[in-house]
Amino acid sequence: LGSYSKTAPFSCPKTDKIITMTAERLMEGKGDRFAIEELALMATGETKYMNAAFTSIRTKPWAIGNGELVNPTLYCTWHWGYHAIVLAEYYMLTQDESVMPALRSLALSIAKGQDTRGVYGHRVADPNNFNRIPGYGPMNQTTLSCMLGMLMAKKAGVTDPALDQAIQRTNSHIQRYVGKGAFPYGMGNPNSSGFNNNGTSGSAAVCLELLGDKAGAKFYSICSATSYDNLEQGHASALFNPLWTSIGAARSGPEVTSEHFKS
């Protein structure tokens, strides 16, 4: 594949080849984890791969809805957040109105499933138990992906007072950490001695950018860029760290992104 260019991952033939090889592998239908595969194919910007993602998305049961709330299941928050992100991206690229009821269903289900602090766990809050997160408890990983799902749905055109209120509550939770440190796994204090926790700094940078919070987005973007040395680490798996950390670093521009990549 040759060597990386000095400006990698930008203007880099080797990077382009790796992206193409990865996209071709995804075209084989290997895996379907949170619909990240379709998100990756759309991100290439190549008509061939984007059309494959569009075709795949249209076959998914979660792309079909009537606007009503989705029935929660075990671990539903992991899927709802990413499905909303993907449907929002799909709609903004295609203007296919057929997916908007499903996107609205997901967005409002997420919004009405948070606890009083605006956070999520493996599951949504229990309205019959003081609106608490049941069982395992709240986690920042699912909280941030659900926040991204709501923000992307709003960007795609979903409007509802409940959605706006939910976004405000989750943002209030995120603001507890801005400028102070990395997100802990659960609902602890900011980690002032760390830069990242399994990609959550990257997720936060994207969330805050979508909210127009330039200072918050910059803080977590720099945290992401600085955590280049633990990209292969993460609780349960290293899936979320490489997925979000470099995207978070990229919020600081191509020079920072290139340095993050080289490191």
# chains A, B, ... in the order shown; residues from 1 in each chain; ligands from 1
$ closest_atom_pairs --of "range 35-85 of chain A" --to "range 155-174 of chain A" --cutoff "12 Å" --atoms "only C-alpha atoms" --output "JSON lines"
{"residue": "A:Gly67", "atom": "CA", "partner": "A:Val158", "partner_atom": "CA", "distance": 10.5}
{"residue": "A:Ala84", "atom": "CA", "partner": "A:Ala156", "partner_atom": "CA", "distance": 10.1}
{"residue": "A:Ile85", "atom": "CA", "partner": "A:Ala156", "partner_atom": "CA", "distance": 9.7}
$ residues_around --residues "Arg104 in chain A" --least-positions-apart "4" --cutoff "12 Å" --atoms "only C-alpha atoms" --output "PyMOL selection string"
chain A and resi 62-70+80+83-85+87-88+91+97-100+108-111+149-160+162-163
$ closest_atom_pairs --of "range 123-207 of chain A" --to "range 226-238 of chain A" --cutoff "10 Å" --atoms "only C-alpha atoms" --output "JSON lines"
{"residue": "A:Tyr185", "atom": "CA", "partner": "A:His235", "partner_atom": "CA", "distance": 8.6}
{"residue": "A:Gly194", "atom": "CA", "partner": "A:Ser227", "partner_atom": "CA", "distance": 8.5}
{"residue": "A:Phe195", "atom": "CA", "partner": "A:Ser227", "partner_atom": "CA", "distance": 5.9}
{"residue": "A:Asn196", "atom": "CA", "partner": "A:Ser227", "partner_atom": "CA", "distance": 6.3}
{"residue": "A:Asn197", "atom": "CA", "partner": "A:Gly234", "partner_atom": "CA", "distance": 7.2}
{"residue": "A:Asn198", "atom": "CA", "partner": "A:Gly234", "partner_atom": "CA", "distance": 4.7}
{"residue": "A:Gly199", "atom": "CA", "partner": "A:Gly234", "partner_atom": "CA", "distance": 8.1}
{"residue": "A:Ser201", "atom": "CA", "partner": "A:Ser227", "partner_atom": "CA", "distance": 9.2}
$ residues_around --residues "Asp126 in chain A" --least-positions-apart "5" --cutoff "12 Å" --atoms "only C-alpha atoms" --output "list in words"
Pro72, Thr73, Lys112, Gly113, Gln114, Asp115, Thr116, Tyr120, Gly121, Asn131, Arg132, Ile133, Pro134, Gly135 and Gly137 of chain A
$ write_last_selection --atoms "all heavy atoms" --output "mmCIF file, in the first residue's frame"
data_model
loop_
_atom_site.group_PDB
_atom_site.id
_atom_site.type_symbol
_atom_site.label_atom_id
_atom_site.label_comp_id
_atom_site.auth_asym_id
_atom_site.auth_seq_id
_atom_site.Cartn_x
_atom_site.Cartn_y
_atom_site.Cartn_z
ATOM 1 N N PRO A 72 -39.449 -0.199 24.611
ATOM 2 C CA PRO A 72 -38.079 -0.444 25.071
ATOM 3 C C PRO A 72 -37.817 -1.920 25.333
ATOM 4 O O PRO A 72 -38.712 -2.669 25.731
ATOM 5 C CB PRO A 72 -38.004 0.356 26.374
ATOM 6 C CG PRO A 72 -39.417 0.443 26.853
ATOM 7 C CD PRO A 72 -40.269 0.498 25.618
ATOM 8 N N THR A 73 -36.584 -2.325 25.067
ATOM 9 C CA THR A 73 -36.131 -3.685 25.346
ATOM 10 C C THR A 73 -34.812 -3.593 26.100
ATOM 11 O O THR A 73 -34.255 -2.507 26.280
ATOM 12 C CB THR A 73 -35.923 -4.481 24.051
ATOM 13 O OG1 THR A 73 -34.960 -3.792 23.227
ATOM 14 C CG2 THR A 73 -37.228 -4.617 23.272
ATOM 15 N N LYS A 112 -37.936 10.582 25.906
ATOM 16 C CA LYS A 112 -38.814 10.251 27.021
ATOM 17 C C LYS A 112 -38.284 9.093 27.863
ATOM 18 O O LYS A 112 -38.889 8.731 28.870
ATOM 19 C CB LYS A 112 -40.211 9.949 26.488
ATOM 20 C CG LYS A 112 -40.845 11.185 25.847
ATOM 21 C CD LYS A 112 -42.257 10.939 25.340
ATOM 22 C CE LYS A 112 -42.837 12.216 24.743
ATOM 23 N NZ LYS A 112 -44.227 12.075 24.264
ATOM 24 N N GLY A 113 -37.128 8.550 27.461
ATOM 25 C CA GLY A 113 -36.554 7.433 28.199
ATOM 26 C C GLY A 113 -35.433 7.820 29.143
ATOM 27 O O GLY A 113 -34.889 6.960 29.836
ATOM 28 N N GLN A 114 -35.071 9.114 29.176
ATOM 29 C CA GLN A 114 -33.990 9.531 30.064
ATOM 30 C C GLN A 114 -34.491 9.682 31.489
ATOM 31 O O GLN A 114 -35.697 9.817 31.729
ATOM 32 C CB GLN A 114 -33.376 10.844 29.578
ATOM 33 C CG GLN A 114 -34.332 12.012 29.575
ATOM 34 C CD GLN A 114 -33.722 13.300 29.036
ATOM 35 O OE1 GLN A 114 -34.247 14.364 29.288
ATOM 36 N NE2 GLN A 114 -32.624 13.232 28.297
ATOM 37 N N ASP A 115 -33.561 9.677 32.453
ATOM 38 C CA ASP A 115 -33.968 9.909 33.834
ATOM 39 C C ASP A 115 -34.011 11.415 34.106
ATOM 40 O O ASP A 115 -33.832 12.229 33.188
ATOM 41 C CB ASP A 115 -33.070 9.154 34.812
ATOM 42 C CG ASP A 115 -31.720 9.815 35.052
ATOM 43 O OD1 ASP A 115 -31.402 10.823 34.389
ATOM 44 O OD2 ASP A 115 -30.970 9.323 35.921
ATOM 45 N N THR A 116 -34.255 11.814 35.330
ATOM 46 C CA THR A 116 -34.441 13.230 35.645
ATOM 47 C C THR A 116 -33.180 14.061 35.437
ATOM 48 O O THR A 116 -33.247 15.285 35.344
ATOM 49 C CB THR A 116 -34.914 13.394 37.098
ATOM 50 O OG1 THR A 116 -34.005 12.700 37.967
ATOM 51 C CG2 THR A 116 -36.305 12.804 37.280
ATOM 52 N N TYR A 120 -28.752 7.986 30.628
ATOM 53 C CA TYR A 120 -29.257 6.679 30.217
ATOM 54 C C TYR A 120 -28.322 5.583 30.725
ATOM 55 O O TYR A 120 -27.157 5.833 31.026
ATOM 56 C CB TYR A 120 -29.335 6.582 28.690
ATOM 57 C CG TYR A 120 -30.191 7.649 28.061
ATOM 58 C CD1 TYR A 120 -29.665 8.910 27.786
ATOM 59 C CD2 TYR A 120 -31.519 7.418 27.745
ATOM 60 C CE1 TYR A 120 -30.447 9.909 27.223
ATOM 61 C CE2 TYR A 120 -32.317 8.404 27.169
ATOM 62 C CZ TYR A 120 -31.768 9.645 26.913
ATOM 63 O OH TYR A 120 -32.541 10.629 26.353
ATOM 64 N N GLY A 121 -28.829 4.369 30.774
ATOM 65 C CA GLY A 121 -28.016 3.212 31.085
ATOM 66 C C GLY A 121 -28.128 2.202 29.955
ATOM 67 O O GLY A 121 -28.286 2.570 28.793
ATOM 68 N N ASN A 131 -38.636 7.276 38.010
ATOM 69 C CA ASN A 131 -37.918 7.594 36.765
ATOM 70 C C ASN A 131 -36.413 7.332 36.880
ATOM 71 O O ASN A 131 -35.591 8.049 36.312
ATOM 72 C CB ASN A 131 -38.157 9.053 36.352
ATOM 73 C CG ASN A 131 -38.171 9.213 34.840
ATOM 74 O OD1 ASN A 131 -38.730 8.378 34.136
ATOM 75 N ND2 ASN A 131 -37.576 10.278 34.338
ATOM 76 N N ARG A 132 -36.072 6.274 37.586
ATOM 77 C CA ARG A 132 -34.670 5.899 37.737
ATOM 78 C C ARG A 132 -34.243 4.922 36.654
ATOM 79 O O ARG A 132 -35.055 4.190 36.096
ATOM 80 C CB ARG A 132 -34.439 5.266 39.111
ATOM 81 C CG ARG A 132 -34.621 6.232 40.273
ATOM 82 C CD ARG A 132 -34.535 5.494 41.589
ATOM 83 N NE ARG A 132 -34.641 6.401 42.731
ATOM 84 C CZ ARG A 132 -34.838 6.005 43.977
ATOM 85 N NH1 ARG A 132 -34.948 4.718 44.244
ATOM 86 N NH2 ARG A 132 -34.924 6.894 44.945
ATOM 87 N N ILE A 133 -32.926 4.907 36.398
ATOM 88 C CA ILE A 133 -32.367 3.915 35.470
ATOM 89 C C ILE A 133 -32.323 2.574 36.188
ATOM 90 O O ILE A 133 -31.713 2.462 37.257
ATOM 91 C CB ILE A 133 -30.946 4.320 35.019
ATOM 92 C CG1 ILE A 133 -30.962 5.677 34.309
ATOM 93 C CG2 ILE A 133 -30.349 3.247 34.121
ATOM 94 C CD1 ILE A 133 -31.751 5.708 33.031
ATOM 95 N N PRO A 134 -32.965 1.542 35.656
ATOM 96 C CA PRO A 134 -33.024 0.264 36.370
ATOM 97 C C PRO A 134 -31.735 -0.542 36.280
ATOM 98 O O PRO A 134 -30.917 -0.332 35.382
ATOM 99 C CB PRO A 134 -34.161 -0.472 35.648
ATOM 100 C CG PRO A 134 -34.136 0.075 34.262
ATOM 101 C CD PRO A 134 -33.721 1.511 34.396
ATOM 102 N N GLY A 135 -31.581 -1.437 37.220
ATOM 103 C CA GLY A 135 -30.520 -2.444 37.155
ATOM 104 C C GLY A 135 -29.128 -1.866 37.186
ATOM 105 O O GLY A 135 -28.685 -1.289 38.176
ATOM 106 N N GLY A 137 -27.610 0.682 36.062
ATOM 107 C CA GLY A 137 -27.389 2.087 36.383
ATOM 108 C C GLY A 137 -26.967 2.903 35.168
ATOM 109 O O GLY A 137 -26.826 2.390 34.071
#
$ closest_atom_pairs --of "range 133-225 of chain A" --to "range 240-256 of chain A" --cutoff "7 Å" --atoms "only C-alpha atoms" --output "tab-separated table"
residue	atom	partner	partner_atom	distance
A:Asn198	CA	A:Asn241	CA	4.6
A:Gly199	CA	A:Asn241	CA	3.9
A:Ser201	CA	A:Thr245	CA	6.7
A:Gly202	CA	A:Gly248	CA	3.8
A:Ser203	CA	A:Trp244	CA	5.7
A:Ala205	CA	A:Gly248	CA	5.4
A:Val206	CA	A:Gly248	CA	6.2
A:Lys218	CA	A:Ser252	CA	6.6
A:Ser221	CA	A:Ala249	CA	4.6
A:Ile222	CA	A:Ala249	CA	6.2
A:Ser224	CA	A:Ala249	CA	5.0
A:Ala225	CA	A:Ala249	CA	4.5
$ closest_residue --among "A:Asn140, A:Asn129, A:Thr20, A:Ser56" --to "Thr77 in chain A" --atoms "only C-alpha atoms"
A:Asn140
$ residues_around --residues "Leu39 in chain A" --least-positions-apart "4" --cutoff "12 Å" --atoms "only C-alpha atoms" --output "compact mmCIF listing (two decimals) with N, CA, C and O atoms, in the first residue's frame"
# COMPACT_ATOMS: atom_id res chain seq x y z
N ALA A 23 -14.33 -0.32 2.76
CA ALA A 23 -15.67 -0.19 2.18
C ALA A 23 -16.05 -1.46 1.41
O ALA A 23 -17.19 -1.93 1.50
N LEU A 26 -17.04 -4.04 3.85
CA LEU A 26 -18.36 -3.77 4.40
C LEU A 26 -19.46 -4.10 3.40
O LEU A 26 -20.57 -4.47 3.78
N ASP A 32 -23.28 -6.23 11.62
CA ASP A 32 -24.30 -5.17 11.63
C ASP A 32 -24.42 -4.67 13.06
O ASP A 32 -25.41 -4.90 13.73
N ARG A 33 -23.38 -4.01 13.52
CA ARG A 33 -23.35 -3.58 14.92
C ARG A 33 -23.76 -2.12 15.03
O ARG A 33 -23.01 -1.23 14.65
N PHE A 34 -24.96 -1.89 15.48
CA PHE A 34 -25.48 -0.54 15.67
C PHE A 34 -25.60 0.24 14.37
O PHE A 34 -25.69 1.45 14.38
N ALA A 35 -25.53 -0.43 13.21
CA ALA A 35 -25.62 0.22 11.90
C ALA A 35 -24.41 1.11 11.62
O ALA A 35 -24.47 2.01 10.78
N ALA A 43 -20.18 7.74 4.78
CA ALA A 43 -19.11 8.71 5.04
C ALA A 43 -18.05 8.73 3.95
O ALA A 43 -17.29 9.70 3.86
N THR A 44 -17.98 7.69 3.12
CA THR A 44 -16.98 7.69 2.05
C THR A 44 -17.23 8.79 1.03
O THR A 44 -16.30 9.27 0.38
N GLY A 45 -18.50 9.17 0.84
CA GLY A 45 -18.83 10.14 -0.18
C GLY A 45 -18.82 9.58 -1.59
O GLY A 45 -19.06 10.31 -2.55
N TYR A 49 -20.71 3.24 -2.74
CA TYR A 49 -20.83 2.81 -1.35
C TYR A 49 -22.02 3.47 -0.66
O TYR A 49 -22.69 2.85 0.17
N MET A 50 -22.29 4.72 -1.01
CA MET A 50 -23.44 5.39 -0.43
C MET A 50 -24.74 4.71 -0.85
O MET A 50 -25.63 4.49 -0.03
N ASN A 51 -24.84 4.33 -2.12
CA ASN A 51 -26.05 3.64 -2.60
C ASN A 51 -26.23 2.30 -1.91
O ASN A 51 -27.36 1.87 -1.63
N ALA A 52 -25.11 1.61 -1.66
CA ALA A 52 -25.19 0.33 -0.93
C ALA A 52 -25.72 0.55 0.48
O ALA A 52 -26.54 -0.23 0.98
N ALA A 53 -25.26 1.63 1.13
CA ALA A 53 -25.76 1.95 2.47
C ALA A 53 -27.23 2.29 2.42
O ALA A 53 -28.02 1.84 3.27
N PHE A 54 -27.64 3.08 1.43
CA PHE A 54 -29.04 3.47 1.31
C PHE A 54 -29.94 2.24 1.15
O PHE A 54 -30.98 2.13 1.79
N SER A 56 -29.29 -0.83 2.05
CA SER A 56 -29.29 -1.60 3.30
C SER A 56 -30.20 -0.97 4.34
O SER A 56 -30.99 -1.67 4.99
N ILE A 57 -30.12 0.34 4.50
CA ILE A 57 -30.93 1.04 5.50
C ILE A 57 -32.42 0.84 5.24
O ILE A 57 -33.21 0.62 6.16
N TYR A 82 -27.72 5.02 17.93
CA TYR A 82 -27.04 4.86 16.64
C TYR A 82 -28.03 4.78 15.48
O TYR A 82 -27.76 5.30 14.39
N HIS A 83 -29.15 4.14 15.69
CA HIS A 83 -30.14 4.08 14.62
C HIS A 83 -30.65 5.48 14.28
O HIS A 83 -30.86 5.80 13.10
N ALA A 84 -30.83 6.31 15.29
CA ALA A 84 -31.27 7.68 15.04
C ALA A 84 -30.21 8.47 14.28
O ALA A 84 -30.52 9.23 13.36
N ILE A 85 -28.94 8.30 14.66
CA ILE A 85 -27.85 8.97 13.96
C ILE A 85 -27.84 8.58 12.48
O ILE A 85 -27.77 9.43 11.58
N VAL A 86 -27.95 7.27 12.21
CA VAL A 86 -27.88 6.78 10.84
C VAL A 86 -29.08 7.24 10.03
O VAL A 86 -28.95 7.67 8.87
N LEU A 87 -30.28 7.16 10.61
CA LEU A 87 -31.47 7.59 9.87
C LEU A 87 -31.42 9.09 9.56
O LEU A 87 -31.85 9.52 8.49
N ALA A 88 -30.91 9.87 10.51
CA ALA A 88 -30.80 11.31 10.28
C ALA A 88 -29.82 11.60 9.14
O ALA A 88 -30.10 12.41 8.25
N GLU A 89 -28.67 10.93 9.15
CA GLU A 89 -27.70 11.10 8.08
C GLU A 89 -28.30 10.68 6.74
O GLU A 89 -28.14 11.35 5.72
N TYR A 90 -28.98 9.55 6.75
CA TYR A 90 -29.61 9.03 5.53
C TYR A 90 -30.62 10.03 4.98
O TYR A 90 -30.63 10.34 3.78
N LEU A 93 -29.10 13.12 3.41
CA LEU A 93 -28.46 12.84 2.13
C LEU A 93 -29.46 12.55 1.01
O LEU A 93 -29.20 12.84 -0.16
N LEU A 243 -13.79 4.64 16.99
CA LEU A 243 -14.92 5.19 16.25
C LEU A 243 -15.06 6.69 16.47
O LEU A 243 -15.25 7.46 15.52
$ decode --residues "range 236-247 of chain A" --atoms "all heavy atoms" --output "short mmCIF file (atom, residue, chain, number, x, y, z; two decimals), in the first residue's frame"
data_model
loop_
_atom_site.label_atom_id
_atom_site.label_comp_id
_atom_site.auth_asym_id
_atom_site.auth_seq_id
_atom_site.Cartn_x
_atom_site.Cartn_y
_atom_site.Cartn_z
N ALA A 236 -15.23 -3.45 27.71
CA ALA A 236 -15.97 -4.44 26.92
C ALA A 236 -15.34 -4.65 25.55
O ALA A 236 -15.17 -5.77 25.09
CB ALA A 236 -17.44 -4.07 26.78
N SER A 237 -15.00 -3.58 24.84
CA SER A 237 -14.30 -3.71 23.56
C SER A 237 -13.71 -2.35 23.21
O SER A 237 -14.01 -1.35 23.85
CB SER A 237 -15.25 -4.16 22.45
OG SER A 237 -16.05 -3.07 22.01
N ALA A 238 -12.87 -2.34 22.18
CA ALA A 238 -12.28 -1.07 21.73
C ALA A 238 -13.09 -0.45 20.61
O ALA A 238 -12.60 0.41 19.89
CB ALA A 238 -10.84 -1.31 21.28
N LEU A 239 -14.33 -0.86 20.46
CA LEU A 239 -15.16 -0.37 19.33
C LEU A 239 -15.33 1.13 19.37
O LEU A 239 -15.14 1.83 18.37
CB LEU A 239 -16.53 -1.06 19.38
CG LEU A 239 -17.58 -0.51 18.43
CD1 LEU A 239 -17.20 -0.79 16.98
CD2 LEU A 239 -18.95 -1.10 18.74
N PHE A 240 -15.72 1.68 20.51
CA PHE A 240 -16.13 3.08 20.57
C PHE A 240 -14.96 4.05 20.55
O PHE A 240 -15.09 5.19 20.10
CB PHE A 240 -16.99 3.33 21.81
CG PHE A 240 -18.21 2.45 21.85
CD1 PHE A 240 -18.28 1.37 22.72
CD2 PHE A 240 -19.28 2.68 21.01
CE1 PHE A 240 -19.40 0.55 22.75
CE2 PHE A 240 -20.40 1.87 21.02
CZ PHE A 240 -20.45 0.79 21.90
N ASN A 241 -13.80 3.60 21.03
CA ASN A 241 -12.65 4.49 21.09
C ASN A 241 -12.17 4.91 19.69
O ASN A 241 -12.11 6.11 19.38
CB ASN A 241 -11.53 3.83 21.89
CG ASN A 241 -10.67 4.84 22.62
OD1 ASN A 241 -10.66 6.01 22.30
ND2 ASN A 241 -9.94 4.38 23.61
N PRO A 242 -11.82 3.97 18.81
CA PRO A 242 -11.41 4.40 17.46
C PRO A 242 -12.55 4.99 16.65
O PRO A 242 -12.32 5.77 15.72
CB PRO A 242 -10.88 3.11 16.82
CG PRO A 242 -11.50 2.00 17.60
CD PRO A 242 -11.67 2.52 18.98
N LEU A 243 -13.79 4.64 16.99
CA LEU A 243 -14.92 5.19 16.25
C LEU A 243 -15.06 6.69 16.47
O LEU A 243 -15.25 7.46 15.52
CB LEU A 243 -16.21 4.47 16.66
CG LEU A 243 -17.52 5.03 16.09
CD1 LEU A 243 -17.52 4.93 14.56
CD2 LEU A 243 -18.71 4.30 16.67
N TRP A 244 -14.95 7.15 17.73
CA TRP A 244 -15.27 8.54 18.05
C TRP A 244 -14.07 9.42 18.35
O TRP A 244 -14.12 10.64 18.16
CB TRP A 244 -16.23 8.60 19.23
CG TRP A 244 -17.59 8.10 18.90
CD1 TRP A 244 -18.20 6.95 19.36
CD2 TRP A 244 -18.54 8.71 18.01
NE1 TRP A 244 -19.45 6.82 18.81
CE2 TRP A 244 -19.69 7.89 17.97
CE3 TRP A 244 -18.52 9.87 17.23
CZ2 TRP A 244 -20.80 8.19 17.19
CZ3 TRP A 244 -19.62 10.17 16.46
CH2 TRP A 244 -20.75 9.34 16.45
N THR A 245 -12.97 8.85 18.84
CA THR A 245 -11.86 9.70 19.31
C THR A 245 -11.25 10.52 18.18
O THR A 245 -11.03 11.73 18.33
CB THR A 245 -10.79 8.84 20.00
OG1 THR A 245 -11.37 8.19 21.14
CG2 THR A 245 -9.62 9.69 20.46
N SER A 246 -10.97 9.90 17.05
CA SER A 246 -10.36 10.65 15.94
C SER A 246 -11.34 11.64 15.32
O SER A 246 -10.93 12.71 14.85
CB SER A 246 -9.82 9.68 14.89
OG SER A 246 -8.78 8.89 15.43
N ILE A 247 -12.63 11.29 15.32
CA ILE A 247 -13.64 12.24 14.85
C ILE A 247 -13.67 13.45 15.77
O ILE A 247 -13.79 14.60 15.33
CB ILE A 247 -15.02 11.57 14.78
CG1 ILE A 247 -15.02 10.48 13.71
CG2 ILE A 247 -16.12 12.60 14.48
CD1 ILE A 247 -16.31 9.68 13.65
#
